file target18.txt (compact mmCIF, C-alpha atoms)
# COMPACT_ATOMS: atom_id res chain seq x y z
CA MET A 7 18.88 5.16 -18.33
CA LEU A 8 16.09 7.61 -17.57
CA ASN A 9 16.12 11.14 -19.02
CA GLY A 10 19.85 10.78 -19.74
CA LYS A 11 20.59 9.69 -16.15
CA ILE A 12 21.73 6.26 -15.12
CA ILE A 13 19.46 4.66 -12.52
CA SER A 14 21.44 3.86 -9.37
CA LYS A 15 21.72 0.25 -8.20
CA GLN A 16 19.80 1.24 -5.07
CA ASN A 17 16.92 2.70 -7.08
CA LEU A 18 16.93 -0.30 -9.41
CA LEU A 19 16.63 -2.61 -6.38
CA LEU A 20 13.81 -0.47 -4.97
CA LEU A 21 12.04 -0.56 -8.34
CA GLY A 22 12.32 -4.36 -8.24
CA ILE A 23 10.84 -4.39 -4.73
CA MET A 24 7.96 -2.19 -5.88
CA ILE A 25 7.19 -4.35 -8.92
CA SER A 26 7.43 -7.53 -6.81
CA ALA A 27 5.09 -6.08 -4.19
CA VAL A 28 2.49 -5.11 -6.82
CA LEU A 29 2.77 -8.59 -8.37
CA ILE A 30 2.29 -10.30 -5.00
CA ASP A 31 -0.77 -8.13 -4.34
CA GLN A 32 -2.28 -8.85 -7.76
CA LEU A 33 -1.47 -12.58 -7.67
CA SER A 34 -3.10 -12.87 -4.24
CA LYS A 35 -6.22 -11.20 -5.67
CA ILE A 36 -6.23 -13.50 -8.71
CA TRP A 37 -6.04 -16.49 -6.36
CA LEU A 38 -8.84 -14.99 -4.26
CA THR A 39 -11.24 -14.47 -7.15
CA SER A 40 -10.52 -17.88 -8.66
CA THR A 41 -11.02 -19.65 -5.32
CA LEU A 42 -13.89 -17.87 -3.56
CA GLN A 43 -17.23 -16.31 -4.40
CA ILE A 44 -18.08 -12.84 -3.05
CA GLY A 45 -18.74 -13.12 0.70
CA GLU A 46 -17.29 -16.63 0.92
CA SER A 47 -14.57 -17.30 3.53
CA ILE A 48 -11.83 -19.75 4.42
CA GLU A 49 -11.22 -19.73 8.17
CA LEU A 50 -7.51 -20.08 8.93
CA ILE A 51 -7.39 -19.26 12.66
CA PRO A 52 -10.76 -19.90 14.31
CA SER A 53 -12.47 -16.79 15.70
CA PHE A 54 -9.48 -14.62 14.67
CA PHE A 55 -8.47 -14.72 10.97
CA LYS A 56 -10.06 -15.80 7.73
CA ILE A 57 -9.71 -15.09 4.03
CA THR A 58 -12.97 -13.52 2.84
CA TYR A 59 -13.67 -12.29 -0.67
CA ALA A 60 -15.08 -8.77 -0.50
CA GLN A 61 -15.43 -6.05 -3.12
CA ASN A 62 -14.97 -2.46 -1.99
CA THR A 63 -16.06 0.44 -4.21
CA GLY A 64 -14.87 2.96 -1.62
CA ALA A 65 -11.76 3.55 0.46
CA ALA A 66 -11.03 2.23 3.97
CA TRP A 67 -14.25 1.23 5.74
CA SER A 68 -16.04 1.81 2.38
CA VAL A 69 -15.72 5.59 2.78
CA LEU A 70 -16.82 7.48 -0.37
CA GLU A 71 -18.29 4.30 -1.79
CA GLY A 72 -18.95 4.46 -5.52
CA HIS A 73 -17.05 7.69 -6.27
CA MET A 74 -14.66 6.15 -8.81
CA THR A 75 -13.78 9.40 -10.62
CA PHE A 76 -12.71 10.91 -7.31
CA PHE A 77 -10.48 7.88 -6.59
CA TYR A 78 -8.93 7.98 -10.07
CA VAL A 79 -8.03 11.67 -9.77
CA VAL A 80 -6.73 11.42 -6.18
CA THR A 81 -4.71 8.30 -7.02
CA ILE A 82 -3.06 9.88 -10.06
CA ILE A 83 -2.20 13.00 -8.03
CA ALA A 84 -0.86 10.83 -5.18
CA LEU A 85 1.32 8.80 -7.56
CA ILE A 86 2.73 11.96 -9.16
CA LEU A 87 3.51 13.49 -5.76
CA LEU A 88 5.04 10.26 -4.43
CA GLY A 89 7.16 9.92 -7.59
CA TRP A 90 8.35 13.52 -7.25
CA TYR A 91 9.12 13.00 -3.55
CA PHE A 92 11.07 9.81 -4.30
CA LYS A 93 13.01 11.49 -7.12
CA ASN A 94 14.17 14.22 -4.72
CA LEU A 95 15.35 11.84 -1.99
CA LYS A 96 19.08 11.22 -1.59
CA ASP A 97 20.60 7.71 -1.53
CA TYR A 98 21.31 7.98 2.20
CA GLN A 99 17.57 8.53 2.87
CA ILE A 100 16.92 4.81 2.43
CA VAL A 101 14.16 4.49 5.06
CA GLN A 102 12.19 7.26 3.37
CA LYS A 103 12.84 5.70 -0.05
CA ILE A 104 11.54 2.32 1.12
CA GLY A 105 8.51 3.99 2.70
CA VAL A 106 7.66 5.84 -0.50
CA ILE A 107 8.20 2.72 -2.65
CA LEU A 108 5.81 0.75 -0.42
CA MET A 109 3.25 3.55 -0.64
CA ILE A 110 3.54 3.61 -4.44
CA ALA A 111 3.20 -0.20 -4.62
CA GLY A 112 0.10 -0.19 -2.41
CA THR A 113 -1.45 2.68 -4.33
CA LEU A 114 -0.76 0.94 -7.65
CA GLY A 115 -2.16 -2.38 -6.40
CA ASN A 116 -5.52 -0.87 -5.53
CA PHE A 117 -5.50 1.46 -8.58
CA ILE A 118 -5.13 -1.54 -10.89
CA ASP A 119 -8.24 -3.06 -9.28
CA ARG A 120 -10.22 0.17 -9.62
CA LEU A 121 -9.24 0.54 -13.28
CA LEU A 122 -10.01 -3.08 -14.20
CA PHE A 123 -13.05 -3.79 -12.00
CA GLN A 124 -14.33 -0.48 -10.56
CA PHE A 125 -13.80 -1.95 -7.09
CA VAL A 126 -10.93 -3.17 -4.90
CA ARG A 127 -10.67 -6.86 -4.07
CA ASP A 128 -10.20 -7.30 -0.31
CA SER A 129 -9.51 -10.55 1.54
CA LEU A 130 -7.77 -10.25 4.92
CA ASP A 131 -10.47 -10.56 7.55
CA PHE A 132 -9.54 -10.24 11.24
CA ARG A 133 -11.68 -10.41 14.35
CA ILE A 134 -9.88 -8.70 17.24
CA LEU A 135 -11.45 -8.83 20.72
CA ASP A 136 -14.96 -9.30 19.30
CA TYR A 137 -14.41 -6.44 16.84
CA ASN A 138 -14.66 -7.48 13.22
CA PHE A 139 -11.97 -5.27 11.66
CA PRO A 140 -12.74 -4.05 8.10
CA ILE A 141 -11.51 -6.46 5.43
CA PHE A 142 -8.36 -5.27 3.65
CA ASN A 143 -5.68 -6.52 1.24
CA ILE A 144 -1.93 -6.69 0.67
CA ALA A 145 -1.92 -3.31 -1.15
CA ASP A 146 -3.40 -1.73 1.99
CA ILE A 147 -0.65 -3.31 4.10
CA LEU A 148 1.99 -1.91 1.74
CA LEU A 149 0.50 1.57 1.84
CA VAL A 150 0.14 1.66 5.63
CA SER A 151 3.63 0.18 6.12
CA GLY A 152 5.10 2.91 3.90
CA VAL A 153 3.31 5.65 5.85
CA PHE A 154 4.47 4.04 9.11
CA LEU A 155 8.11 4.00 7.94
CA LEU A 156 7.94 7.70 7.04
CA ILE A 157 6.41 8.56 10.42
CA ILE A 158 9.00 6.51 12.32
CA ASP A 159 11.86 8.03 10.31
CA GLU A 160 10.59 11.57 10.92
CA THR A 161 10.01 10.86 14.63
CA ILE A 162 13.57 9.56 15.05
CA LYS A 163 14.97 12.59 13.23
CA THR A 164 12.93 14.95 15.42
CA PHE A 165 14.06 13.13 18.57
CA ASN A 166 17.72 13.29 17.45
CA ILE A 167 17.47 17.02 16.70
CA ARG A 168 15.85 17.73 20.07
CA SER A 169 18.46 15.70 21.95
CA LYS A 170 21.26 17.60 20.14
CA LEU A 171 19.65 20.95 21.01
CA LYS A 172 19.56 20.02 24.71
CA LYS A 173 23.34 19.47 24.77
call {"tool": "encode", "arguments": {"input": "target18.txt", "output": "structure tokens"}}
result
Amino acid sequence: MLNGKIISKQNLLLLGIMISAVLIDQLSKIWLTSTLQIGESIELIPSFFKITYAQNTGAAWSVLEGHMTFFYVVTIIALILLGWYFKNLKDYQIVQKIGVILMIAGTLGNFIDRLLFQFVRDSLDFRILDYNFPIFNIADILLVSGVFLLIIDETIKTFNIRSKLKK
């Protein structure tokens, strides 16, 4: 029960997914820091993919590096807004619910790092067509996947509305 309301089975399952996703992210980072030194790599697919331990005090591509207070404030605001958005979704809006849950999990995964270490632990290191893509982590994948689901869901809805209007 939450505020006198019973949590639906669907929301309970989504909560479990969110907690599991945050745990997977954090366990992967614990493995990373117990296995590698900063800057050290394990090459898994030659010239394409390796696990590299990197510390990021900024956001994607180290943007706003070192501005921890800014990240704390923005993260708390984002989590409040995402929680409010999720709370107002209906059970039939499952794609949006999953998207928001993934975004919350990704945000929490990196927020935990920032709170505990003042940096985010990154590890997934890809080289694509001679471009060394910025190193990222599972929390980043969760966040981007959630955004992607929301965009796809909204695009499909827009397409369906437009096709109905043409009839």
call {"tool": "closest_atom_pairs", "arguments": {"input": "target18.txt", "of": "range 13-57 of chain A", "to": "range 83-100 of chain A", "cutoff": "12 Å", "atoms": "all atoms listed in the file", "output": "CSV"}}
result
residue,atom,partner,partner_atom,distance
A:Ile13,CA,A:Lys93,CA,10.8
A:Ser14,CA,A:Asp97,CA,8.8
A:Lys15,CA,A:Asp97,CA,10.1
A:Gln16,CA,A:Asp97,CA,7.4
A:Asn17,CA,A:Asp97,CA,8.3
A:Leu18,CA,A:Asp97,CA,11.8
A:Leu19,CA,A:Ile100,CA,11.5
A:Leu20,CA,A:Ile100,CA,9.6
A:Leu21,CA,A:Phe92,CA,11.2
call {"tool": "axis_aligned_box", "arguments": {"input": "target18.txt", "around": "range 58-66 of chain A", "padding_each_side": "4 Å", "output": "JSON"}}
result
{"center_x": -13.5, "center_y": -5.0, "center_z": -0.1, "size_x": 13.0, "size_y": 25.1, "size_z": 16.2}
call {"tool": "residues_around", "arguments": {"input": "target18.txt", "residues": "Leu50 in chain A", "least_positions_apart": "3", "cutoff": "12 Å", "atoms": "all atoms listed in the file", "output": "list in words"}}
result
Ser47, Ser53, Phe54, Phe55, Lys56, Ile57, Thr58, Leu130, Asp131, Phe132 and Arg133 of chain A
call {"tool": "residues_near_point", "arguments": {"input": "target18.txt", "point": "(4.4, 4.4, -0.9)", "cutoff": "12 Å", "atoms": "all atoms listed in the file", "output": "number ranges by chain"}}
result
A: 20-21, 23-24, 27-28, 81, 84-92, 101-115, 145-156
call {"tool": "atom_distance", "arguments": {"input": "target18.txt", "atom1": "CA of Thr41 in chain A", "atom2": "CA of Leu121 in chain A"}}
result
21.8 Å
call {"tool": "atom_distance", "arguments": {"input": "target18.txt", "atom1": "CA of Phe125 in chain A", "atom2": "CA of Met74 in chain A"}}
result
8.3 Å
call {"tool": "atom_distance", "arguments": {"input": "target18.txt", "atom1": "CA of Ile25 in chain A", "atom2": "CA of Glu160 in chain A"}}
result
25.7 Å
call {"tool": "closest_residue", "arguments": {"input": "target18.txt", "among": "A:Arg127, A:Leu122, A:Ile82, A:Gln32", "to": "Gly45 in chain A", "atoms": "only C-alpha atoms"}}
result
A:Arg127
call {"tool": "closest_residue", "arguments": {"input": "target18.txt", "among": "A:Thr75, A:Ile36, A:Leu29, A:Asp119", "to": "Asn62 in chain A", "atoms": "only C-alpha atoms"}}
result
A:Asp119
call {"tool": "closest_residue", "arguments": {"input": "target18.txt", "among": "A:Ile51, A:Lys172, A:Asp159, A:Ile144", "to": "Leu38 in chain A", "atoms": "all atoms listed in the file"}}
result
A:Ile144
call {"tool": "residues_near_point", "arguments": {"input": "target18.txt", "point": "(-9.5, -5.0, 6.4)", "cutoff": "8 Å", "atoms": "all atoms listed in the file", "output": "list in words"}}
result
Ala66, Trp67, Asp128, Ser129, Leu130, Asp131, Phe132, Phe139, Pro140, Ile141, Phe142 and Asn143 of chain A
call {"tool": "write_last_selection", "arguments": {"input": "target18.txt", "atoms": "C-alpha atoms", "output": "CSV table (one decimal), keeping the file's coordinate frame"}}
result
chain,number,residue,atom,x,y,z
A,66,ALA,CA,-11.0,2.2,4.0
A,67,TRP,CA,-14.2,1.2,5.7
A,128,ASP,CA,-10.2,-7.3,-0.3
A,129,SER,CA,-9.5,-10.6,1.5
A,130,LEU,CA,-7.8,-10.2,4.9
A,131,ASP,CA,-10.5,-10.6,7.6
A,132,PHE,CA,-9.5,-10.2,11.2
A,139,PHE,CA,-12.0,-5.3,11.7
A,140,PRO,CA,-12.7,-4.0,8.1
A,141,ILE,CA,-11.5,-6.5,5.4
A,142,PHE,CA,-8.4,-5.3,3.6
A,143,ASN,CA,-5.7,-6.5,1.2
